[in-house]
Every structure is written in structure tokens, then in C-alpha cells.
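J.: The structure follows.
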2 protein chains.
Amino acid sequence: MPVEDKQKLQRNERVTIRTVATHAGVSVAAVSKVMRNAYGVSEALRAKVTDAIEALGYRPSRAARGLRGRSFTIGVLLIDIRNPFLPEVIAGVNGVLAPSHYQAMIGVSDARVQLETSLIESMIDYKMDGLILVAPRLPSEIIAKFAVQIPIVTVGYHDAGATAFDTVNADDQRGAEIAVEALLACGYRDIEMLSLGEREGHAVSVVRQREIGFRRAMQRGGLGAAPIGKIPIASPRREDAMRKFLARKDRPRAVFCWSDLDAITLLSLAMEMGVRVPEDLAVVGYDNSSTAALGLVNLASIDQSGRELGQIATRALISRIEGRTASEHILQVPSLVSRNSLTRSRSAKGAGG
Amino acid sequence: MPVEDKQKLQRNERVTIRTVATHAGVSVAAVSKVMRNAYGVSEALRAKVTDAIEALGYRPSRAARGLRGRSFTIGVLLIDIRNPFLPEVIAGVNGVLAPSHYQAMIGVSDARVQLETSLIESMIDYKMDGLILVAPRLPSEIIAKFAVQIPIVTVGYHDAGATAFDTVNADDQRGAEIAVEALLACGYRDIEMLSLGEREGHAVSVVRQREIGFRRAMQRGGLGAAPIGKIPIASPRREDAMRKFLARKDRPRAVFCWSDLDAITLLSLAMEMGVRVPEDLAVVGYDNSSTAALGLVNLASIDQSGRELGQIATRALISRIEGRTASEHILQVPSLVSRNSLTRSRSAKGAGG
DNA sequence: GATGAAGTGTAGAACGTTCTCCATATAACG
DNA sequence: CGTTATATGGAGAACGTTCTACACTTCATC
């Protein structure tokens with residue numbers, strides 16, 4: 001029997017479940033049972049099989065597994081890798097998955113809804129066990145339709161009414177409120193929000209949520225007018241809009257930016273145009289990206305702990321894969337990281353210079 | 001026959017190649033032939049089949065495809081998503097793949113060699129058609145061993161002697177030379193390189209290549225001593241080392257940083273410690289990341305066009321998948337983007353302020 | 001001593017493709 | 001009209017798993 005094995009190996013054929021079975025002197029079904037921790041396996045059998053697996057270096061084919069049952073892979077869909085928030089989410093996902101037998105495969109859909117759909121379909125076609133969609137742009141009905149075929153958890157998609165899938169979010173309304181409250185506490189009253197251009201983001205997007213929070217906090221602070229400026233995403237219109245904002249005679253005293261990406265560029269342009277931060281203009285960003293933490297930049301920002309969101313989403317997905325059907329909607333509370341762009345005195349300590 | 005189809009659809013079963021075959025009134029083999037553009041298909045047959053595919057919205061199962069033949073998926077392995085160089089590479093890969101029938105799946109191995117191996121194995125187990133490894137840490141022999149099982153192209157891995165796989169690189173030696181030449185041209189003679197901590201990176205890594213280029217250019221410039229300082233990767237030892245460097249009495253007049261990541265942190269700490277850039281210390285980084293371009297940062301940097309590398313690697317991989325066996329080793333020439341950190345006068349124009 | 005239950009192992013049909021033969025039809029040629 | 005080539009379509013085995021259904025022990029129970 002070992003002779004047969006050797007011949008197979010010499011032919012450089014793949015080690016399959018069958019190779020393991022013959023090597024261990026048991027049936028294919030038995031090996032499969034051991035692999036899956038299924039019921040009805042004696043200790044003796046398990047030992048024989050695990051020994052054979054060890055000896056042959058057997059790895060089950062994910063393709064074949066997917067065809068019949070589980071593939072033990074979860075798909076993560078990103079819309080854009082450039083956003084500094086995303087690596088954190090991935091780290092969270094990988095962290096939770098590492099000790100399990102699941103593995104993550106990431107798809108990147110560069111800004112096109114078309115590609116987004118086809119990537120989800122691809123992942124379904126791969127028989128992945130579940131999907132984590134990060135800030136998808138698809139309407140809720142479409143996601144719900146996919147969710148019939150495969151367990152789905154979204155991150156950064158505010159649809160607490162969804163019944164077919166789970167949502168995991170930082171409370172973006174609250175985050176915006178915290179930003180406004182911090183600005184108010186520093187004595188600023190003349191506050192404007194810089195948000196994302198009109199066409200981007202539907203009601204469920206994080207951007208719109210932050211706008212809602214901004215308006216509410218302003219209202220509460222007794223500031224009825226809660227002006228929201230829109231910045232286009234694409235260069236150079238983006239920079240043009242910011243320059244125009246900075247040059248305005250009635251430029252507000254403080255600004256809340258929907259994202260660090262924009263806030264940091266704004267700081268940069270402000271420096272170039274001689275607008276002092278925070279003396280002339282206080283700025284609070286969103287995401288607490290690593291760049292914001294740099295001494296050079298020193299941008300106060302709302303931290304939403306992408307890593308934690310990734311962890312929570314992954315745990316939710318696994319529980320859904322393992323049978324849960326009632327949908328869950330989780331909201332984490334973000335926090336402010338104060339730095340020089342908000343008020344010089346305060347964070348001078350924190351920054352160490 | 002349409003009645004049968006309807007029943008199947010009502011049962012909400014998956015549309016398989018068999019569904020398409022019965023709907024079109026042809027055999028399963030015929031549908032497969034059409035899908036694969038195989039020889040021996042009449043126009044009439046092709047039309048019937050494509051109509052049925054259209055009508056039923058058929059998508060072939062990638063899992064099943066992988067089990068038997070091609071999966072039309074290529075795997076991309078990243079060691080760390082935080083590096084600003086990587087999104088560019090991905091964008092390049094996706095750009096080339098978009099018009100084809102291939103799709104990319106990305107795996108992220110967070111810094112552990114163990115995970116790196118197991119992710120490659122997973123991708124093989126998925127029967128992916130080829131792999132792009134970005135800055136892998138594995139030794140060449142191991143990669144070669146994998147390359148027997150699956151076409152592999154590496155990016156950011158200098159092993160021009162490899163025969164089993166292709167390599168695509170920016171010429172990191174040349175990049176370092178360009179940086180040194182620029183510093184020399186500005187009149188600096190007292191130049192040090194800040195490189196990555198000892199244990200990181202084997203001889204084939206981009207870091208070591210940049211060190212070689214640095215030494216050669218210094219030699220050529222008549223500067224025999226080419227000091228190379230090592231900065232640990234992990235905080236806070238990383239920042240400590242930089243502070244120590246900045247505080248040194250014999251601190252050099254100019255520094256070449258192996259990566260923007262370190263260069264930008266260095267700029268930040270320099271500001272905090274009152275070291276003026278470029279008056280007291282000129283800095284050239286590597287990667288030309290988007291942060292380097294910010295007016296606030298204004299870091300001169302070597303641009304290696306990750307996007308282009310991604311495109312080239314993808315084309316190389318596809319040609320290998322389609323049968324090429326002779327290995328290719330491609331070297332792109334990087335370029336310098338001059339900014340304020342190199343010399344104030346020059347890039348003041350470029351920055352627009 | 002028959003009956004049932006519990007525990008352990010196997011046979012073999014799926015899963016949805018690809019791809020190698022093989023069969024048939026038509027055309028070309030002597 | 002027989003022979004051979006060429007074009008077109010189909011049958012059915014494989015790919016490597018999972019999982020249902022069943023067979024065989026062993027042991028307890030009536």
C-alpha cells in the first residue's frame with residue numbers, strides 16, 4: 001500500500017482526500033468526517049487520519065469544497081483602498097479570522113457600481129461563506145436580494161431597517177455631534193461643515209449621517225443656520241472649491257470636515273494661502289487617520305476605530321453563517337481626538353512640542 | 001420545455017449550465033464550448049446559446065470552473081495595506097483586468113511569513129490561474145517551488161536570476177542613485193541614508209537595493225563613507241531612533257529615507273525639535289505618496305509609479321498563464337519629484353505658494 | 001433470544017464545470 | 001458511388017469534496 005502512495009507522489013500528483021484515505025487505510029468518507037469534525041468518529045480513526053494528513057501534507061481543495069459545501073472563505077468588498085479607514089477594518093477582520101479556519105479574500109471595486117455588483121456575484125459564484133461589504137454604494141433592496149443567497153454584513157452603511165442583512169457602524173450622527181460640541185466648547189459659534197459633493201452618497205451613507213448629526217448639534221447649540229458646503233471628490237475641482245472656501249470674506253471661524261482626506265488637504269491649502277490654523281480657522285476632521293496624528297498636520301479628528309468595526313462585523317458574519325437569521329444592527333460610539341487644529345493650547349501637550 | 005424552465009426557476013434553483021442547455025435546446029457540452037470560445041461552434045448554435053444565457057442571466061460557477069479548469073481569477077498577495085505604494089499597484093492590476101474576463105482577489109498577510117505561505121497555498125487550493133506577490137518576504141527557493149504549481153509574478157522582489165517566475169520592479173538601485181545625485185546637485189556633501197532595521201528585508205528586498213544604489217552613488221560622487229542608519233519599524237522605538245538621529249551633534253546635512261513613511265515622520269519630528277527643513281536638514285523620500293505631495297509636508301521623493309508596475313505585472317502574468325515559460329525580469333526607471341524638503345527655491349513654484 | 005438503540009464506518013450520489021473522445025452530416029474527390 | 005476530409009454537435013468521464021443513507025458491531029433491555 002505504501003508503494004502505491006509513493007508512485008502517486010512520484011508522479012507529482014496532488015494529494016487529495018483519496019490519497020489520504022488509502023494512506024490511512026480508511027474510506028474517503030472517514031477522512032471527510034475527520035476534516036469536518038463530524039459526528040461518528042472514534043479516537044483511533046481520528047488518529048490514523050490526522051497522522052496521514054500530517055505525513056502527506058494534505059490540504060483540502062477550496063475549489064472542490066466550495067462546489068459541494070463550505071469554502072471557509074469570506075469575501076470583503078472595498079470600494080476604494082485609498083481611504084485610510086479601510087486598512088484598519090481589514091486588520092480587524094484578519095485579527096478575528098486568524099485563529100479560525102476561515103480566510104478572507106478582498107475584492108476592490110474602484111468606484112464603479114457596475115464592478116461592485118459583479119464582484120459580489122463573483123464571490124457568490126466562488127461559494128464564499130459570507131460577505132462583508134464596506135461602505136457599499138448599492139441600494140438596500142439590491143443588497144437584500146444578494147443577502148438571500150449569501151450571509152452579508154455591511155460596514156459603513158446606515159440601514160437599521162434592513163431585515164435581510166446585518167449592519168455595523170460607528171454612530172456617524174453622534175460623531176458629528178461630538179465634533180460640533182467640541183468646537184462649541186472652544187467658543188466657536190460660526191461653524192460650517194464641509195461635506196461630500198451632491199451626487200455622492202445616498203441617505204444611508206456615512207456622509208449624510210454626519211450631516212444630520214451636524215445639523216442637530218448646531219440646532220441644540222442654538223445655531224439655527226447650519227451651513228453645509230459641498231466639496232467635489234475629483235481633483236482639481238476639489239482643490240478649487242477649497243481655495244474658494246478659504247478665500248471667502250464670510251468664511252466661518254471653524255469647520256467640520258466629513259473626512260480627514262479633505263481636512264488634511266484643507267489644512268495644506270490654508271497654510272499656502274496664509275490662513276492660520278486654529279487662529280483664523282479651527283478644523284475638525286473625521287477618521288483619525290495616521291496622517292492626522294503627524295506633528296506636521298496635527299489635525300483634531302473623530303476616531304471611529306475601524307479595527308473594532310472590522311472585528312465586530314466579522315463576528316456577526318460568522319454567527320450568521322452558523323445559522324442566525326434575525327438581523328442585527330450595531331452602533332459603536334466614536335470619540336474625539338483633540339489636536340492643534342482645534343485649539344493650540346490643549347493638544348500642545350499631547351503632541352509633545 | 002419552457003414549462004420545465006419555469007418550474008426550475010420557481011423552485012429558486014441556481015441557473016446552471018444545464019438550465020441554459022435545456023432552455024436553448026442543446027447539449028451541456030455545446031454551452032460549455034460557447035462559454036470557452038472553443039472550436040467547433042456554428043453561428044446558429046452560438047446565437048441560441050448566448051440568447052439563453054442572456055435570458056436566464058446565467059453566470060458560470062467559479063468554484064466548479066476551478067475544480068475542472070480555469071477559474072479566471074488571479075490572486076494578489078499584499079504584505080501590508082498601510083503602505084501607500086500598494087493601492088497604486090492594485091489600481092494598475094484592476095485597470096488591466098477590467099476589460100478581460102479575469103478578476104482579482106486580494107489576500108493580505110499582516111507581516112507574518114507563516115500567513116504569507118498559507119495564503120499562497122489557499123490561492124492555489126482555489127485553483128486561481130496566477131499569482132502576483134507584492135514585496136513577498138519568502139526566500140526565492142520557496143517562491144520557485146510554488147511557481148511550479150501556479151504562474152507567479154513578483155513585484156518589489158529583486159531576483160533577476162529567478163527562472164521559475166517573473167519579477168517586475170522599479171530599479172531601486174537607480175532610484176537611490178537619483179536621490180543622491182539630486183542631493184549632490186544641490187551642493188550637499190554630508191549625506192546619510194536612513195534605512196530599515198537590520199532584520200527586515202533579505203538581499204532581494206527593495207530596501208537593500210536602495211542601500212546598494214546609495215553606496216554606489218556616494219562612491220561615484222567621491223564620498224567614500226556612505227553612512228546608513230537603521231530605523232526600527234515598530235513604534236515607539238522607531239520615533240526614538242529618529243529623535244536620536246535628529247539630536248546628534250554630527251547629524252548630516254542631508255538625508256535619504258528608504259520610504260516616505262519614515263521620511264514624513266522624520267519631517268514631523270524635525271519640526272517638533274526645531275530642526276528646519278531644508279535649511280538645517282534636506283530630506284528625500286521614496287514612493288512619492290500622496291501625503292508627500294501635500295503642501296504641509298512638501299517632501300521631495302522618488303516616484304516609482306506603482307500603478308505602472310501593477311499593469312506590467314498583470315500583463316506578464318496573463319502571458320504566463322497563456323503559456324509563456326521563459327522567465328521575464330522587468331525593470332522600470334524611477335524619477336525624482338522635487339519639492340521643498342530638497343531645496344526651498346525650486347519647488348516653491350511647484351507647490352504654488 | 002428477540003428487539004432496539006447507540007456508535008462507528010462505508011458506498012456512492014451529488015455539486016457545476018471542462019474536455020476528450022465519438023457520432024453524424026455534409027462536402028469534395030476520384 | 002465509394003472514400004475521405006471537414007465541420008458540427010453530443011455523451012460521459014473526470015475534478016475533489018460533502019453528505020445522505022445504509023450496514024455492521026456491540027451492548028442494554030425486555
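By order in the C-alpha cells, chains are A, B, ...; within a chain, residues start at 1; ligands start at 1, following the order shown.
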Name the residues in contact with DA13 (chain D) at a cut-off of 12 Å, using only C-alpha atoms (C1' of nucleotides), excluding same-chain residues fewer than 6 positions from it; report them as an NGL selection string.
T.: (:B and (68)) or (:C and (18-21))
J.: Return as an MDAnalysis selection string the residues belonging to chain A that are within 7 Å of chain D, counting only C-alpha atoms (C1' of nucleotides).
T.: chainID A and resid 16 61 64:65 68:69
J.: Can those selected residues be exported to a file as a JSON list (two decimals), in the first residue's frame so that it contains C-alpha atoms?
T.:
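File written: out_23.json
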```json
[["chain", "number", "residue", "atom", "x", "y", "z"],
["A", 16, "THR", "CA", -6.29, 14.55, -2.42],
["A", 61, "SER", "CA", -9.08, 21.87, -2.24],
["A", 64, "ALA", "CA", -13.91, 21.37, -4.52],
["A", 65, "ARG", "CA", -15.17, 22.27, -1.07],
["A", 68, "ARG", "CA", -20.22, 20.87, -2.52],
["A", 69, "GLY", "CA", -20.33, 22.61, 0.83]]
```
J.: Between CA of Leu131 (chain B) and CA of Tyr58 (chain A), what is the spacing in Å?
T.: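 Between CA of Tyr58 (chain A) and CA of Leu131 (chain B) the gap works out to 21.1 Å.
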J.: Using only C-alpha atoms (C1' of nucleotides), which protein or nucleic acid residues come within 12 Å of Ile228 (chain A)? Drop anything in the same chain fewer than 3 positions from it, and give the result as a ChimeraX atom specification.
T.: /A:191-198,207-208,210-215,218,225,231,245,252,255-258
J.: Can you measure CA of Gly222 (chain A) to CA of Cys186 (chain A) for me? One decimal in Å is fine.
T.: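 CA of Cys186 (chain A) lies at a distance of 15.3 Å from CA of Gly222 (chain A).
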J.: What are the nearest atom pairs, with distances in Å to one decimal, for all residues of chain A that come at most 6 Å from chain B, using only C-alpha atoms, set out by chain and rising residue number as a Markdown table?
T.:
```
| residue | atom | partner | partner_atom | distance |
| --- | --- | --- | --- | --- |
| A:Ser61 | CA | B:Asp125 | CA | 4.8 |
| A:Arg62 | CA | B:Tyr126 | CA | 5.0 |
| A:Ala63 | CA | B:Tyr126 | CA | 4.8 |
| A:Ala64 | CA | B:Leu67 | CA | 5.7 |
| A:Gly66 | CA | B:Ala63 | CA | 5.8 |
| A:Leu67 | CA | B:Ala63 | CA | 5.5 |
| A:Ile81 | CA | B:Pro87 | CA | 5.8 |
| A:Pro87 | CA | B:Ile81 | CA | 5.8 |
| A:Met105 | CA | B:Gly107 | CA | 5.4 |
| A:Ile106 | CA | B:Ile106 | CA | 4.7 |
| A:Gly107 | CA | B:Met105 | CA | 5.4 |
| A:Asp125 | CA | B:Ser61 | CA | 4.8 |
| A:Tyr126 | CA | B:Ala63 | CA | 4.8 |
| A:Ser268 | CA | B:Leu296 | CA | 4.9 |
| A:Glu272 | CA | B:Gly353 | CA | 5.2 |
| A:Gly295 | CA | B:Ser268 | CA | 5.0 |
| A:Leu296 | CA | B:Ser268 | CA | 4.9 |
| A:Gly353 | CA | B:Glu272 | CA | 5.3 |
```
J.: Please return, as a list of chain:residue names, all residues of chain C lying within 8 Å of chain B when only C-alpha atoms (C1' of nucleotides) are considered.
T.: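 On the chain C side, the interface is C:DC15, C:DG16, C:DT17, C:DT18.
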J.: Kindly save the residues from that selection, with C-alpha atoms (C1' of nucleotides) included, as a PDB file, in the first residue's frame.
T.:
```pdb
ATOM      1  C1'  DC C  15     -22.117  19.732  -6.867  1.00  0.00           C
ATOM      2  C1'  DG C  16     -21.292  22.509 -11.958  1.00  0.00           C
ATOM      3  C1'  DT C  17     -17.988  22.752 -14.804  1.00  0.00           C
ATOM      4  C1'  DT C  18     -14.260  21.209 -18.679  1.00  0.00           C
TER       5       DT C  18
END
```
J.: How many Å lie between CA of Glu13 (chain A) and CA of Asp51 (chain A), rounded to one decimal?
T.: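 So the two atoms, CA of Glu13 (chain A) and CA of Asp51 (chain A), lie 19.8 Å apart.
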J.: If you run DSSP over the backbone, which residues in region 14-190 of chain B end up helix (DSSP H, G or I)? Put them as an MDAnalysis selection string.
T.: chainID B and resid 17:24 28:36 43:56 62:68 85:97 113:125 140:149 172:185
J.: I want to know what sits within 10 Å of Ala292 (chain A), based on only C-alpha atoms (C1' of nucleotides), with residues of the same chain fewer than 4 positions away left out; could you give that as a PDB file with N, CA and C atoms, in the first residue's frame?
T.:
```
ATOM      1  N   ASP A 260     -10.973  63.089   7.039  1.00  0.00           N
ATOM      2  CA  ASP A 260      -9.604  63.560   7.165  1.00  0.00           C
ATOM      3  C   ASP A 260      -8.994  63.873   5.808  1.00  0.00           C
ATOM      4  N   LEU A 261      -9.336  63.058   4.833  1.00  0.00           N
ATOM      5  CA  LEU A 261      -8.793  63.257   3.496  1.00  0.00           C
ATOM      6  C   LEU A 261      -8.961  64.699   3.060  1.00  0.00           C
ATOM      7  N   ALA A 263      -9.971  67.219   5.128  1.00  0.00           N
ATOM      8  CA  ALA A 263      -9.489  68.129   6.171  1.00  0.00           C
ATOM      9  C   ALA A 263      -7.994  68.396   6.009  1.00  0.00           C
ATOM     10  N   ILE A 264      -7.245  67.354   5.689  1.00  0.00           N
ATOM     11  CA  ILE A 264      -5.793  67.494   5.582  1.00  0.00           C
ATOM     12  C   ILE A 264      -5.424  68.344   4.367  1.00  0.00           C
ATOM     13  N   GLY A 285     -11.559  67.015  11.767  1.00  0.00           N
ATOM     14  CA  GLY A 285     -11.741  66.052  10.689  1.00  0.00           C
ATOM     15  C   GLY A 285     -12.469  64.801  11.155  1.00  0.00           C
ATOM     16  N   TYR A 286     -12.444  63.769  10.323  1.00  0.00           N
ATOM     17  CA  TYR A 286     -13.138  62.535  10.654  1.00  0.00           C
ATOM     18  C   TYR A 286     -12.327  61.335  10.190  1.00  0.00           C
ATOM     19  N   ASP A 287     -12.066  60.411  11.069  1.00  0.00           N
ATOM     20  CA  ASP A 287     -11.405  59.115  10.817  1.00  0.00           C
ATOM     21  C   ASP A 287     -10.148  58.923  11.658  1.00  0.00           C
ATOM     22  N   ASN A 288      -9.609  60.037  12.162  1.00  0.00           N
ATOM     23  CA  ASN A 288      -8.363  59.956  12.915  1.00  0.00           C
ATOM     24  C   ASN A 288      -7.323  59.092  12.195  1.00  0.00           C
ATOM     25  N   LEU A 296       3.284  67.464  12.004  1.00  0.00           N
ATOM     26  CA  LEU A 296       3.180  68.451  10.937  1.00  0.00           C
ATOM     27  C   LEU A 296       1.747  68.836  10.654  1.00  0.00           C
ATOM     28  N   VAL A 297       0.865  67.877  10.814  1.00  0.00           N
ATOM     29  CA  VAL A 297      -0.533  68.068  10.430  1.00  0.00           C
ATOM     30  C   VAL A 297      -1.352  68.454  11.654  1.00  0.00           C
ATOM     31  N   ASN A 298      -1.271  67.591  12.667  1.00  0.00           N
ATOM     32  CA  ASN A 298      -1.879  67.916  13.947  1.00  0.00           C
ATOM     33  C   ASN A 298      -3.344  68.266  13.833  1.00  0.00           C
ATOM     34  N   LEU A 299      -4.062  67.353  13.223  1.00  0.00           N
ATOM     35  CA  LEU A 299      -5.486  67.582  12.961  1.00  0.00           C
ATOM     36  C   LEU A 299      -6.351  66.885  14.002  1.00  0.00           C
ATOM     37  N   ALA A 300      -7.192  67.652  14.670  1.00  0.00           N
ATOM     38  CA  ALA A 300      -8.183  67.056  15.560  1.00  0.00           C
ATOM     39  C   ALA A 300      -9.157  66.254  14.716  1.00  0.00           C
ATOM     40  N   SER A 301      -9.561  65.096  15.212  1.00  0.00           N
ATOM     41  CA  SER A 301     -10.375  64.248  14.352  1.00  0.00           C
ATOM     42  C   SER A 301     -11.241  63.299  15.173  1.00  0.00           C
ATOM     43  N   VAL A 337     -10.427  62.954  19.086  1.00  0.00           N
ATOM     44  CA  VAL A 337      -9.017  63.068  19.437  1.00  0.00           C
ATOM     45  C   VAL A 337      -8.632  64.523  19.198  1.00  0.00           C
ATOM     46  N   ARG A 339      -6.512  67.859  18.865  1.00  0.00           N
ATOM     47  CA  ARG A 339      -5.152  68.241  18.483  1.00  0.00           C
ATOM     48  C   ARG A 339      -5.102  69.729  18.147  1.00  0.00           C
ATOM     49  N   SER A 341      -5.290  71.600  15.635  1.00  0.00           N
ATOM     50  CA  SER A 341      -6.174  72.265  14.679  1.00  0.00           C
ATOM     51  C   SER A 341      -7.471  72.729  15.339  1.00  0.00           C
TER      52      SER A 341
END
```
J.: Please list as a ChimeraX atom specification every residue within 6 Å of region 328-333 of chain A, counting only C-alpha atoms (C1' of nucleotides) and excluding residues in the same chain fewer than 5 positions away.
T.: /A:160,166-171
